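Chemist: My structure is stored as data_13.tsv, with TSV, C-alpha atoms.
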```
chain	number	residue	atom	x	y	z
Z	1	MET	CA	9.72	-28.20	-7.20
Z	2	THR	CA	8.08	-28.87	-3.88
Z	3	LEU	CA	5.25	-26.72	-2.60
Z	4	GLU	CA	7.61	-25.36	0.04
Z	5	ALA	CA	10.09	-24.31	-2.65
Z	6	ILE	CA	7.32	-22.60	-4.62
Z	7	THR	CA	6.21	-20.81	-1.46
Z	8	LYS	CA	9.75	-19.61	-0.85
Z	9	GLN	CA	10.04	-18.34	-4.39
Z	10	ILE	CA	6.81	-16.37	-4.15
Z	11	GLU	CA	7.97	-15.06	-0.78
Z	12	SER	CA	11.32	-14.03	-2.22
Z	13	GLU	CA	9.72	-12.16	-5.15
Z	14	LEU	CA	7.34	-10.35	-2.83
Z	15	PHE	CA	10.18	-9.50	-0.43
Z	16	ASP	CA	12.16	-7.85	-3.22
Z	17	GLN	CA	9.15	-5.82	-4.28
Z	18	LEU	CA	8.33	-4.64	-0.75
Z	19	ASN	CA	11.98	-3.94	-0.04
Z	20	SER	CA	12.24	-1.73	-3.12
Z	21	CYS	CA	10.58	1.08	-1.16
Z	22	ARG	CA	12.60	0.20	1.98
Z	23	LEU	CA	9.52	-0.31	4.09
Z	24	MET	CA	10.08	-1.62	7.57
Z	25	PHE	CA	8.38	-5.00	7.47
Z	26	ARG	CA	8.64	-8.69	8.14
Z	27	LEU	CA	7.45	-11.34	5.72
Z	28	PHE	CA	6.39	-14.82	6.73
Z	29	SER	CA	5.18	-17.75	4.71
Z	30	ARG	CA	3.70	-21.14	5.31
Z	31	THR	CA	2.62	-24.07	3.18
Z	32	LYS	CA	-0.34	-26.16	4.30
Z	33	THR	CA	0.76	-29.69	5.06
Z	34	GLU	CA	-1.12	-32.62	3.58
Z	35	ALA	CA	-2.53	-33.31	7.03
Z	36	SER	CA	-3.79	-29.75	7.25
Z	37	VAL	CA	-5.39	-30.01	3.82
Z	38	ALA	CA	-7.03	-33.30	4.88
Z	39	HIS	CA	-8.35	-31.63	8.02
Z	40	LYS	CA	-9.79	-28.77	6.01
Z	41	MET	CA	-11.41	-31.24	3.62
Z	42	GLN	CA	-13.03	-32.88	6.65
Z	43	LEU	CA	-14.42	-29.55	7.82
Z	44	LYS	CA	-15.42	-28.02	4.49
Z	45	GLY	CA	-15.26	-30.88	2.00
Z	46	ASP	CA	-18.85	-30.41	0.83
Z	47	SER	CA	-18.26	-26.83	-0.18
Z	48	TYR	CA	-15.09	-27.80	-2.05
Z	49	ARG	CA	-16.90	-30.59	-3.86
Z	50	ASN	CA	-19.56	-28.05	-4.89
Z	51	GLY	CA	-17.10	-25.86	-6.76
Z	52	HIS	CA	-15.57	-23.65	-4.11
Z	53	LYS	CA	-11.81	-24.26	-4.02
Z	54	MET	CA	-9.12	-24.08	-1.37
Z	55	GLN	CA	-7.24	-20.86	-2.04
Z	56	ASP	CA	-4.71	-20.67	0.76
Z	57	ILE	CA	-2.57	-23.75	0.48
Z	58	ILE	CA	0.23	-21.20	0.23
Z	59	GLY	CA	-0.03	-18.32	2.66
Z	60	LEU	CA	2.08	-15.24	3.11
Z	61	ARG	CA	1.86	-12.69	5.85
Z	62	ILE	CA	3.21	-9.17	5.54
Z	63	VAL	CA	3.78	-7.60	8.93
Z	64	VAL	CA	4.41	-3.87	8.83
Z	65	TYR	CA	5.61	-1.66	11.63
Z	66	PHE	CA	3.27	1.27	11.07
Z	67	SER	CA	-0.46	1.14	10.44
Z	68	ASP	CA	-0.29	3.48	7.43
Z	69	ASP	CA	2.00	0.96	5.75
Z	70	VAL	CA	-0.88	-1.50	5.57
Z	71	GLU	CA	-2.32	0.64	2.79
Z	72	ILE	CA	0.99	0.72	0.92
Z	73	ALA	CA	1.40	-3.05	1.17
Z	74	GLU	CA	-2.20	-3.52	0.08
Z	75	LEU	CA	-1.72	-1.38	-3.02
Z	76	PHE	CA	1.05	-3.72	-4.18
Z	77	PHE	CA	-1.69	-6.13	-5.12
Z	78	ASN	CA	-3.74	-4.95	-8.05
Z	79	GLY	CA	-5.40	-5.80	-11.27
Z	80	HIS	CA	-5.30	-9.27	-12.75
Z	81	GLN	CA	-3.11	-10.59	-9.97
Z	82	VAL	CA	-5.93	-10.31	-7.40
Z	83	VAL	CA	-8.74	-12.85	-7.24
Z	84	ASP	CA	-10.43	-11.71	-4.05
Z	85	ARG	CA	-10.07	-9.33	-1.15
Z	86	SER	CA	-11.49	-9.59	2.33
Z	87	ILE	CA	-11.04	-6.26	3.98
Z	88	ASP	CA	-12.96	-5.28	7.07
Z	89	SER	CA	-13.86	-1.66	7.52
Z	90	PRO	CA	-13.34	-0.24	10.99
Z	91	ASP	CA	-16.55	0.10	12.96
Z	92	SER	CA	-16.71	3.21	15.13
Z	93	CYS	CA	-18.53	1.36	17.93
Z	94	THR	CA	-16.76	-1.97	18.04
Z	95	PHE	CA	-13.22	-3.20	18.49
Z	96	GLN	CA	-12.58	-6.54	16.87
Z	97	PRO	CA	-9.97	-8.24	14.77
Z	98	GLN	CA	-9.94	-6.82	11.26
Z	99	ARG	CA	-9.21	-8.92	8.26
Z	100	LEU	CA	-7.04	-7.74	5.43
Z	101	ASN	CA	-6.70	-10.85	3.28
Z	102	ILE	CA	-5.96	-10.85	-0.41
Z	103	VAL	CA	-6.13	-13.90	-2.66
Z	104	CYS	CA	-3.75	-13.72	-5.61
Z	105	ASN	CA	-3.08	-15.85	-8.64
Z	106	ILE	CA	-0.02	-18.07	-8.51
Z	107	PRO	CA	2.51	-16.45	-10.90
Z	108	GLN	CA	2.18	-17.89	-14.39
Z	109	HIS	CA	5.75	-19.22	-14.44
Z	110	LEU	CA	5.08	-21.33	-11.32
Z	111	ILE	CA	1.66	-22.80	-12.13
Z	112	GLN	CA	2.93	-25.95	-13.77
Z	113	ASP	CA	5.25	-26.76	-10.87
Z	114	PHE	CA	2.49	-25.84	-8.41
Z	115	ARG	CA	-0.03	-28.24	-9.96
Z	116	ALA	CA	2.59	-31.02	-10.11
Z	117	ALA	CA	3.45	-30.57	-6.43
Z	118	LEU	CA	-0.12	-30.81	-5.10
Z	119	PRO	CA	-1.23	-33.97	-3.30
Z	120	SER	CA	-3.04	-35.79	-6.10
Z	121	GLN	CA	-6.17	-36.73	-4.13
Z	122	TYR	CA	-6.81	-33.08	-3.19
Z	123	ALA	CA	-5.57	-31.32	-6.33
Z	124	PRO	CA	-9.08	-30.98	-7.88
Z	125	PHE	CA	-10.15	-28.96	-4.84
Z	126	ILE	CA	-7.20	-26.58	-4.80
Z	127	ASP	CA	-7.14	-23.32	-6.73
Z	128	ASN	CA	-4.11	-21.76	-8.44
Z	129	THR	CA	-3.93	-19.09	-5.80
Z	130	TYR	CA	-2.16	-18.06	-2.65
Z	131	GLU	CA	-3.34	-15.90	0.20
Z	132	VAL	CA	-1.69	-12.78	1.56
Z	133	GLN	CA	-2.53	-11.37	4.96
Z	134	ILE	CA	-1.40	-7.90	5.92
Z	135	ARG	CA	-1.10	-6.89	9.54
Z	136	THR	CA	0.73	-4.49	11.78
Z	137	ILE	CA	3.34	-5.88	14.09
Z	138	PHE	CA	1.23	-5.07	17.15
Z	139	SER	CA	-1.83	-6.83	15.85
Z	140	GLU	CA	0.25	-9.76	14.62
Z	141	GLY	CA	1.12	-10.73	18.18
Z	142	TRP	CA	-2.50	-10.45	19.24
Z	143	HIS	CA	-3.78	-12.41	16.24
Z	144	GLU	CA	-1.31	-15.26	16.70
Z	145	VAL	CA	-2.29	-15.71	20.33
Z	146	GLU	CA	-5.99	-15.28	19.64
Z	147	HIS	CA	-5.95	-17.72	16.72
Z	148	ASP	CA	-4.22	-20.54	18.61
Z	149	LEU	CA	-5.72	-20.04	22.05
Z	150	ARG	CA	-9.24	-18.77	21.36
Z	151	TYR	CA	-10.32	-19.31	17.73
Z	152	LYS	CA	-9.13	-22.93	17.71
Z	153	CYS	CA	-10.34	-23.56	21.27
Z	154	LYS	CA	-13.76	-21.94	21.36
Z	155	GLU	CA	-15.02	-24.45	23.90
Z	156	ASP	CA	-12.45	-23.17	26.43
Z	157	TRP	CA	-14.10	-19.74	26.42
Z	158	VAL	CA	-17.68	-20.79	27.07
Z	159	GLY	CA	-18.61	-19.15	30.36
Z	160	PHE	CA	-15.63	-16.81	30.22
Z	161	GLU	CA	-17.19	-14.09	28.07
Z	162	ASN	CA	-15.71	-11.41	30.33
Z	163	TYR	CA	-12.18	-12.63	29.55
Z	164	SER	CA	-13.09	-12.80	25.88
Z	165	ARG	CA	-14.19	-9.18	26.02
Z	166	THR	CA	-10.99	-8.19	27.81
Z	167	LEU	CA	-8.97	-9.93	25.12
Z	168	ASN	CA	-10.83	-7.85	22.54
Z	169	GLY	CA	-10.02	-4.82	24.64
Z	170	VAL	CA	-6.34	-5.57	24.20
Z	171	ILE	CA	-6.67	-5.14	20.42
Z	172	ALA	CA	-8.31	-1.78	21.08
Z	173	SER	CA	-5.29	-0.74	23.14
Z	174	LEU	CA	-2.97	-1.93	20.42
Z	175	GLU	CA	-4.81	0.16	17.80
Z	176	ASN	CA	-4.37	3.18	20.03
Z	177	SER	CA	-0.68	2.35	20.37
Z	178	GLU	CA	-0.32	2.17	16.61
Z	179	TYR	CA	-1.89	5.59	16.28
Z	180	SER	CA	0.47	6.95	18.93
Z	181	MET	CA	3.51	5.53	17.16
Z	182	GLN	CA	2.57	7.25	13.91
Z	183	SER	CA	1.76	10.50	15.67
Z	184	ILE	CA	5.09	10.55	17.50
Z	185	PHE	CA	7.10	10.29	14.32
Z	186	ARG	CA	4.88	12.71	12.40
Z	187	ASP	CA	5.34	15.29	15.14
Z	188	MET	CA	9.08	14.55	15.34
Z	189	ALA	CA	9.38	15.18	11.60
Z	190	GLN	CA	7.56	18.49	11.96
Z	191	ARG	CA	9.75	19.62	14.85
Z	192	CYS	CA	12.93	18.57	13.10
Z	193	PHE	CA	11.82	20.54	10.05
Z	194	LEU	CA	11.20	23.62	12.18
Z	195	ASN	CA	14.58	23.17	13.87
Z	196	GLY	CA	16.34	22.89	10.52
Z	197	ASN	CA	17.45	19.33	11.21
Z	198	TYR	CA	16.59	18.10	7.73
Z	199	SER	CA	18.20	14.66	7.91
Z	200	ALA	CA	16.14	13.87	10.99
Z	201	MET	CA	13.10	15.37	9.27
Z	202	LEU	CA	13.44	12.90	6.41
Z	203	ARG	CA	14.19	10.00	8.73
Z	204	ASN	CA	11.16	10.58	10.94
Z	205	LYS	CA	8.84	11.53	8.11
Z	206	LEU	CA	9.61	8.58	5.88
Z	207	ARG	CA	10.10	5.85	8.52
Z	208	ILE	CA	11.88	3.60	6.05
Z	209	ARG	CA	15.29	1.95	6.00
Z	210	LEU	CA	17.47	4.71	4.55
Z	211	SER	CA	21.13	3.99	3.81
Z	212	GLY	CA	23.71	6.25	5.38
Z	213	ASN	CA	23.42	8.59	8.33
Z	214	GLY	CA	22.06	11.73	6.77
Z	215	LEU	CA	22.16	14.30	4.02
Z	216	SER	CA	25.48	15.33	2.56
Z	217	PRO	CA	26.91	18.69	3.75
Z	218	ALA	CA	26.14	20.21	0.32
Z	219	LEU	CA	22.45	19.33	0.48
Z	220	THR	CA	22.16	20.26	4.14
Z	221	THR	CA	23.59	23.70	3.34
Z	222	TYR	CA	21.31	24.04	0.30
Z	223	LEU	CA	18.21	23.34	2.36
Z	224	HIS	CA	19.30	25.81	5.02
Z	225	ASP	CA	19.77	28.42	2.30
Z	226	HIS	CA	16.44	27.54	0.63
Z	227	PRO	CA	13.92	26.82	3.40
Z	228	GLU	CA	11.05	26.84	0.91
Z	229	VAL	CA	12.61	23.77	-0.73
Z	230	ALA	CA	12.88	22.09	2.66
Z	231	LYS	CA	9.21	22.90	3.29
Z	232	MET	CA	8.15	21.27	0.04
Z	233	ALA	CA	10.24	18.21	0.84
Z	234	HIS	CA	8.52	18.03	4.21
Z	235	GLU	CA	5.10	18.29	2.54
Z	236	MET	CA	5.71	15.50	0.02
Z	237	ASP	CA	3.09	12.82	0.62
Z	238	ARG	CA	4.78	9.77	2.12
Z	239	THR	CA	2.40	7.20	0.66
Z	240	VAL	CA	2.79	8.62	-2.84
Z	241	LEU	CA	6.60	8.63	-2.52
Z	242	LEU	CA	6.79	5.04	-1.31
Z	243	LEU	CA	4.33	3.83	-3.92
Z	244	THR	CA	6.45	5.53	-6.57
Z	245	LEU	CA	9.46	3.55	-5.39
Z	246	ALA	CA	7.41	0.36	-5.40
Z	247	CYS	CA	5.74	0.87	-8.77
Z	248	HIS	CA	8.95	0.94	-10.80
Z	249	SER	CA	10.77	-2.17	-11.87
Z	250	ARG	CA	14.21	-0.57	-11.38
Z	251	HIS	CA	15.15	-0.25	-7.74
Z	252	LEU	CA	17.00	2.79	-6.46
Z	253	HIS	CA	19.82	2.88	-3.94
Z	254	ILE	CA	17.95	4.83	-1.32
Z	255	ASP	CA	20.03	7.14	0.81
Z	256	TYR	CA	19.12	10.57	2.12
Z	257	ASP	CA	20.51	12.48	-0.84
Z	258	THR	CA	18.86	10.25	-3.44
Z	259	ILE	CA	15.51	10.52	-1.69
Z	260	LEU	CA	15.75	14.30	-1.70
Z	261	PHE	CA	16.68	14.33	-5.38
Z	262	LEU	CA	13.75	12.00	-6.11
Z	263	ILE	CA	11.38	14.26	-4.18
Z	264	ASN	CA	12.75	17.17	-6.18
Z	265	ARG	CA	12.03	15.42	-9.47
Z	266	LEU	CA	8.52	14.45	-8.39
Z	267	GLU	CA	7.34	17.45	-6.43
Z	268	ILE	CA	9.68	20.39	-5.90
Z	269	HIS	CA	11.12	20.85	-9.43
Z	270	ASP	CA	13.93	23.11	-8.15
Z	271	ALA	CA	16.40	23.55	-11.02
Z	272	GLU	CA	19.31	24.57	-8.77
Z	273	LEU	CA	18.83	21.52	-6.57
Z	274	MET	CA	18.76	19.35	-9.66
Z	275	LYS	CA	22.15	20.75	-10.66
Z	276	LEU	CA	23.57	19.32	-7.42
Z	277	GLU	CA	22.76	15.75	-8.51
Z	278	PRO	CA	25.95	13.73	-8.96
Z	279	ALA	CA	26.20	12.23	-12.44
Z	280	GLU	CA	25.68	8.74	-11.04
Z	281	THR	CA	22.45	9.79	-9.31
Z	282	THR	CA	21.19	11.50	-12.46
Z	283	GLN	CA	21.80	8.33	-14.41
Z	284	GLN	CA	20.10	6.23	-11.74
Z	285	LEU	CA	17.05	8.47	-11.68
Z	286	THR	CA	16.85	8.68	-15.46
Z	287	GLU	CA	16.87	4.90	-15.74
Z	288	PHE	CA	14.42	4.62	-12.84
Z	289	PHE	CA	11.85	6.82	-14.59
Z	290	LYS	CA	12.47	5.27	-17.98
Z	291	GLU	CA	11.65	1.73	-16.85
Z	292	ARG	CA	8.02	0.91	-17.47
Z	293	ALA	CA	6.25	0.67	-14.13
Z	294	LEU	CA	5.34	-2.74	-12.89
Z	295	SER	CA	1.74	-3.54	-12.11
Z	296	CYS	CA	1.68	-2.52	-8.51
C	1	MET	CA	-9.02	25.16	-7.83
C	2	THR	CA	-12.67	24.22	-8.26
C	3	THR	CA	-14.28	20.85	-7.89
C	4	ARG	CA	-17.64	19.94	-9.33
C	5	ILE	CA	-19.46	16.76	-8.40
C	6	ASP	CA	-22.21	15.30	-10.60
C	7	LEU	CA	-24.08	12.29	-9.30
C	8	ASN	CA	-26.06	10.10	-11.68
C	9	GLU	CA	-27.61	6.99	-10.11
C	10	THR	CA	-24.56	4.76	-9.56
C	11	GLN	CA	-21.92	6.93	-11.23
C	12	ALA	CA	-20.22	10.06	-10.01
C	13	THR	CA	-18.27	12.49	-12.15
C	14	ILE	CA	-15.73	14.71	-10.45
C	15	THR	CA	-14.55	17.64	-12.56
C	16	LEU	CA	-11.28	19.20	-11.42
C	17	ASP	CA	-10.37	22.68	-12.63
C	18	GLY	CA	-7.05	24.25	-11.73
C	19	ARG	CA	-4.06	23.20	-9.63
C	20	LEU	CA	-4.51	20.33	-7.21
C	21	ASP	CA	-1.65	21.00	-4.82
C	22	THR	CA	-1.07	21.16	-1.06
C	23	PRO	CA	-3.00	24.41	-0.45
C	24	SER	CA	-6.06	23.22	-2.40
C	25	ALA	CA	-5.95	19.54	-1.43
C	26	HIS	CA	-7.96	19.77	1.77
C	27	ALA	CA	-10.93	21.48	0.12
C	28	VAL	CA	-10.86	19.04	-2.79
C	29	GLU	CA	-10.68	16.09	-0.42
C	30	THR	CA	-13.79	17.33	1.39
C	31	GLU	CA	-15.66	17.50	-1.91
C	32	VAL	CA	-14.42	14.12	-3.14
C	33	LYS	CA	-15.66	12.44	0.03
C	34	LYS	CA	-19.20	13.25	-1.11
C	35	VAL	CA	-18.97	10.48	-3.72
C	36	MET	CA	-17.86	7.88	-1.19
C	37	ILE	CA	-21.42	6.75	-0.53
C	38	PRO	CA	-22.95	3.29	-0.95
C	39	GLU	CA	-25.01	4.28	-4.03
C	40	ILE	CA	-21.93	5.12	-6.11
C	41	GLN	CA	-20.33	2.19	-7.89
C	42	SER	CA	-18.12	3.98	-10.37
C	43	VAL	CA	-16.32	7.30	-10.46
C	44	VAL	CA	-15.03	9.28	-13.40
C	45	VAL	CA	-12.55	12.08	-12.73
C	46	ASP	CA	-12.61	14.62	-15.55
C	47	CYS	CA	-9.10	16.05	-15.77
C	48	THR	CA	-9.69	18.25	-18.84
C	49	SER	CA	-8.99	21.44	-16.88
C	50	LEU	CA	-6.60	20.01	-14.33
C	51	SER	CA	-3.37	21.93	-14.84
C	52	TYR	CA	-1.18	20.41	-12.12
C	53	ILE	CA	-1.35	17.69	-9.48
C	54	SER	CA	1.01	17.35	-6.55
C	55	SER	CA	1.57	14.38	-4.28
C	56	SER	CA	-1.25	15.66	-2.05
C	57	GLY	CA	-3.57	15.48	-5.04
C	58	LEU	CA	-2.33	12.04	-6.00
C	59	ARG	CA	-3.02	10.96	-2.46
C	60	ILE	CA	-6.67	11.97	-2.87
C	61	LEU	CA	-6.90	9.92	-6.06
C	62	ILE	CA	-5.33	6.93	-4.32
C	63	THR	CA	-7.86	7.19	-1.49
C	64	LEU	CA	-10.68	7.44	-4.01
C	65	TYR	CA	-9.28	4.48	-5.96
C	66	LYS	CA	-9.12	2.35	-2.82
C	67	TYR	CA	-12.70	3.19	-1.89
C	68	VAL	CA	-14.12	2.49	-5.34
C	69	THR	CA	-12.15	-0.73	-5.71
C	70	LYS	CA	-13.32	-1.92	-2.31
C	71	VAL	CA	-16.98	-1.61	-3.34
C	72	GLY	CA	-16.23	-3.48	-6.57
C	73	GLY	CA	-16.43	-0.42	-8.79
C	74	GLN	CA	-14.06	1.39	-11.11
C	75	LEU	CA	-12.22	4.68	-11.02
C	76	THR	CA	-11.51	6.21	-14.41
C	77	LEU	CA	-9.45	9.30	-15.13
C	78	LYS	CA	-10.60	11.08	-18.25
C	79	ALA	CA	-8.95	13.63	-20.57
C	80	VAL	CA	-5.62	13.68	-18.82
C	81	SER	CA	-3.28	16.30	-20.29
C	82	PRO	CA	0.26	15.32	-21.34
C	83	ALA	CA	1.68	17.23	-18.36
C	84	ILE	CA	-0.51	15.35	-15.88
C	85	ARG	CA	0.11	12.10	-17.72
C	86	GLU	CA	3.82	12.68	-17.25
C	87	ILE	CA	3.30	12.95	-13.49
C	88	PHE	CA	1.39	9.67	-13.52
C	89	ASP	CA	4.17	8.07	-15.57
C	90	MET	CA	6.91	9.34	-13.25
C	91	THR	CA	5.16	8.02	-10.16
C	92	GLY	CA	4.21	4.78	-11.89
C	93	PHE	CA	0.55	5.38	-11.16
C	94	THR	CA	-0.42	4.69	-14.78
C	95	SER	CA	-0.27	1.07	-13.64
C	96	ILE	CA	-2.81	1.77	-10.90
C	97	PHE	CA	-5.31	4.13	-12.52
C	98	THR	CA	-7.49	3.51	-15.56
C	99	ILE	CA	-6.89	6.46	-17.89
C	100	VAL	CA	-9.04	7.20	-20.93
C	101	ASP	CA	-9.08	10.01	-23.47
```
What's the structure tokens form of this structure?
Modeler:
Amino acid sequence: MTLEAITKQIESELFDQLNSCRLMFRLFSRTKTEASVAHKMQLKGDSYRNGHKMQDIIGLRIVVYFSDDVEIAELFFNGHQVVDRSIDSPDSCTFQPQRLNIVCNIPQHLIQDFRAALPSQYAPFIDNTYEVQIRTIFSEGWHEVEHDLRYKCKEDWVGFENYSRTLNGVIASLENSEYSMQSIFRDMAQRCFLNGNYSAMLRNKLRIRLSGNGLSPALTTYLHDHPEVAKMAHEMDRTVLLLTLACHSRHLHIDYDTILFLINRLEIHDAELMKLEPAETTQQLTEFFKERALSC
Amino acid sequence: MTTRIDLNETQATITLDGRLDTPSAHAVETEVKKVMIPEIQSVVVDCTSLSYISSSGLRILITLYKYVTKVGGQLTLKAVSPAIREIFDMTGFTSIFTIVD
């Protein structure tokens, strides 16, 4: 296998895992070329010869649409899989690019192919790892531009500190925009709940790719007749729900009805609502819960 | 729902007593934030008297887990009842949290 093929396989496995909770996201990958590795050896060769190894010859970037999805994507990486994390905490007085980089072990089943595919003269300096960056879609655009036109060209910006500051100001605006996006949909969900528009409530609350157009007439009627059940569905924590979907090896077909039945199993525990589960959904959910959870 | 915090050098013990659900979550979250200080490297959550945990409660544990992990420490859940354990199993969070007897 080539390094590019290994990268694509890792990307594909991660895509399936992220897609299991129907997050809105984009996933990109890149493999460092031999020229790029050579360039890095020129810049940092001493540190690599002293034991520190190149960890990002394979890089993946998860780009999420909402800032609270960064946390969900981050929690996918846990335990033995993770070698290192570089996560910047927000500073209340400063706006600056924030890193969320995770270094993970190359999956065991790919290590042999990975080692065989490395350029032989650099292999001793390359670790069995890949790097994952997690960003929001707004900050992704800013980071790409900043990386290519400022970080790599620092000499261009000498004497133009005011423009550099303004560029940093743009990321501040983007953070505010991210907050606004989340707030809009949170408030929409609340209003739809109050208006009894429960399909829209779920859609705006969950902000994921749900199949179908809405709840079935039976469930819509049930929620109208049992507003306390609708309230509990509205109060279900989104992060916990999406992590639940992600942490199980069996993936569910996620439409509006199934999500409501899942919320019922996890949080509401309404026996009458459970009786409305079609047999196929009951089987799906039973198998979903039975499967041992993956390491998230 | 009552929450007791015991701080001992670098370890904090949080004792939860009662139902950790949406109405009680905010107050518990305020208490739990007291352990998110630089001195604390590990946190034990004593679940002996925890009778129920909702998604709001799980969210607090996730936030605590993220904080402790970020500082290189460990979050341990102790004395989890079968009912609470079932909730962790259903959500798949047994693969995230360290649970001991």
Chemist: With all atoms listed in the file as the counted atoms, please give the residues lying no more than 12 Å from Thr15 (chain C), apart from itself and same-chain residues fewer than 2 positions off, as a PyMOL selection string.
Modeler: chain C and resi 1-7+12-13+17-18+20+28+31-32+43-50+76-80
Chemist: Between CA of Arg207 (chain Z) and CA of Gly57 (chain C), what is the distance in Å, rounded to a tenth?
Modeler: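 Taking CA of Arg207 (chain Z) and CA of Gly57 (chain C), their separation equals 21.5 Å.
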Chemist: Find the residues in chain Z near chain C: any atom within 9 Å counts, using only C-alpha atoms. Write them as a PyMOL selection string.
Modeler: chain Z and resi 71+75+78-79+85+87+235-241+243-248+265-267+288-290+292-296
Chemist: What is the distance, in Å and to one decimal place, between CA of Arg250 (chain Z) and CA of Glu291 (chain Z)?
Modeler: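 It comes out at 6.5 Å.
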Chemist: What does the distance between CA of Ser199 (chain Z) and CA of Ile263 (chain Z) come to in Å, to one decimal place?
Modeler: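 Taking CA of Ser199 (chain Z) and CA of Ile263 (chain Z), their separation equals 13.9 Å.
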Chemist: Please list as a CSV table (one decimal) with C-alpha atoms, in the frame of the given file every residue within 10 Å of Met24 (chain Z), counting only C-alpha atoms and excluding residues in the same chain fewer than 4 positions away.
Modeler:
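The file below, result-v2.csv, is the result:
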```
chain,number,residue,atom,x,y,z
Z,18,LEU,CA,8.3,-4.6,-0.8
Z,19,ASN,CA,12.0,-3.9,0.0
Z,63,VAL,CA,3.8,-7.6,8.9
Z,64,VAL,CA,4.4,-3.9,8.8
Z,65,TYR,CA,5.6,-1.7,11.6
Z,66,PHE,CA,3.3,1.3,11.1
Z,69,ASP,CA,2.0,1.0,5.8
Z,207,ARG,CA,10.1,5.8,8.5
Z,208,ILE,CA,11.9,3.6,6.0
Z,209,ARG,CA,15.3,2.0,6.0
```
Chemist: Please work out which residues fall within 10 Å of (-13.1, -14.8, -6.9), coordinates as given in the file, with only C-alpha atoms counting, and return them as an NGL selection string.
Modeler: :Z and (52-53 or 55 or 82-85 or 103-104)
Chemist: Complete region 168-180 of chain Z at the level of N, CA and C atoms, written as a compact mmCIF listing (two decimals), in the frame of the given file.
Modeler:
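What landed in rebuild-v2.txt:
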```txt
# COMPACT_ATOMS: atom_id res chain seq x y z
N ASN Z 168 -10.50 -8.80 23.61
CA ASN Z 168 -10.83 -7.85 22.54
C ASN Z 168 -10.39 -6.44 22.92
N GLY Z 169 -10.47 -6.13 24.19
CA GLY Z 169 -10.02 -4.82 24.64
C GLY Z 169 -8.54 -4.59 24.40
N VAL Z 170 -7.79 -5.69 24.44
CA VAL Z 170 -6.34 -5.57 24.20
C VAL Z 170 -6.10 -5.08 22.77
N ILE Z 171 -6.89 -5.60 21.80
CA ILE Z 171 -6.67 -5.14 20.42
C ILE Z 171 -7.03 -3.67 20.29
N ALA Z 172 -7.99 -3.21 21.09
CA ALA Z 172 -8.31 -1.78 21.08
C ALA Z 172 -7.11 -0.97 21.56
N SER Z 173 -6.47 -1.44 22.63
CA SER Z 173 -5.29 -0.74 23.14
C SER Z 173 -4.17 -0.72 22.11
N LEU Z 174 -4.04 -1.84 21.42
CA LEU Z 174 -2.97 -1.93 20.42
C LEU Z 174 -3.23 -0.97 19.26
N GLU Z 175 -4.48 -0.81 18.87
CA GLU Z 175 -4.81 0.16 17.80
C GLU Z 175 -4.44 1.57 18.25
N ASN Z 176 -4.74 1.87 19.50
CA ASN Z 176 -4.37 3.18 20.03
C ASN Z 176 -2.86 3.36 20.03
N SER Z 177 -2.15 2.30 20.35
CA SER Z 177 -0.68 2.35 20.37
C SER Z 177 -0.14 2.60 18.97
N GLU Z 178 -0.76 1.97 18.00
CA GLU Z 178 -0.32 2.17 16.61
C GLU Z 178 -0.50 3.64 16.20
N TYR Z 179 -1.62 4.19 16.59
CA TYR Z 179 -1.89 5.59 16.28
C TYR Z 179 -0.86 6.48 16.94
N SER Z 180 -0.51 6.16 18.19
CA SER Z 180 0.47 6.95 18.93
C SER Z 180 1.84 6.89 18.26
```
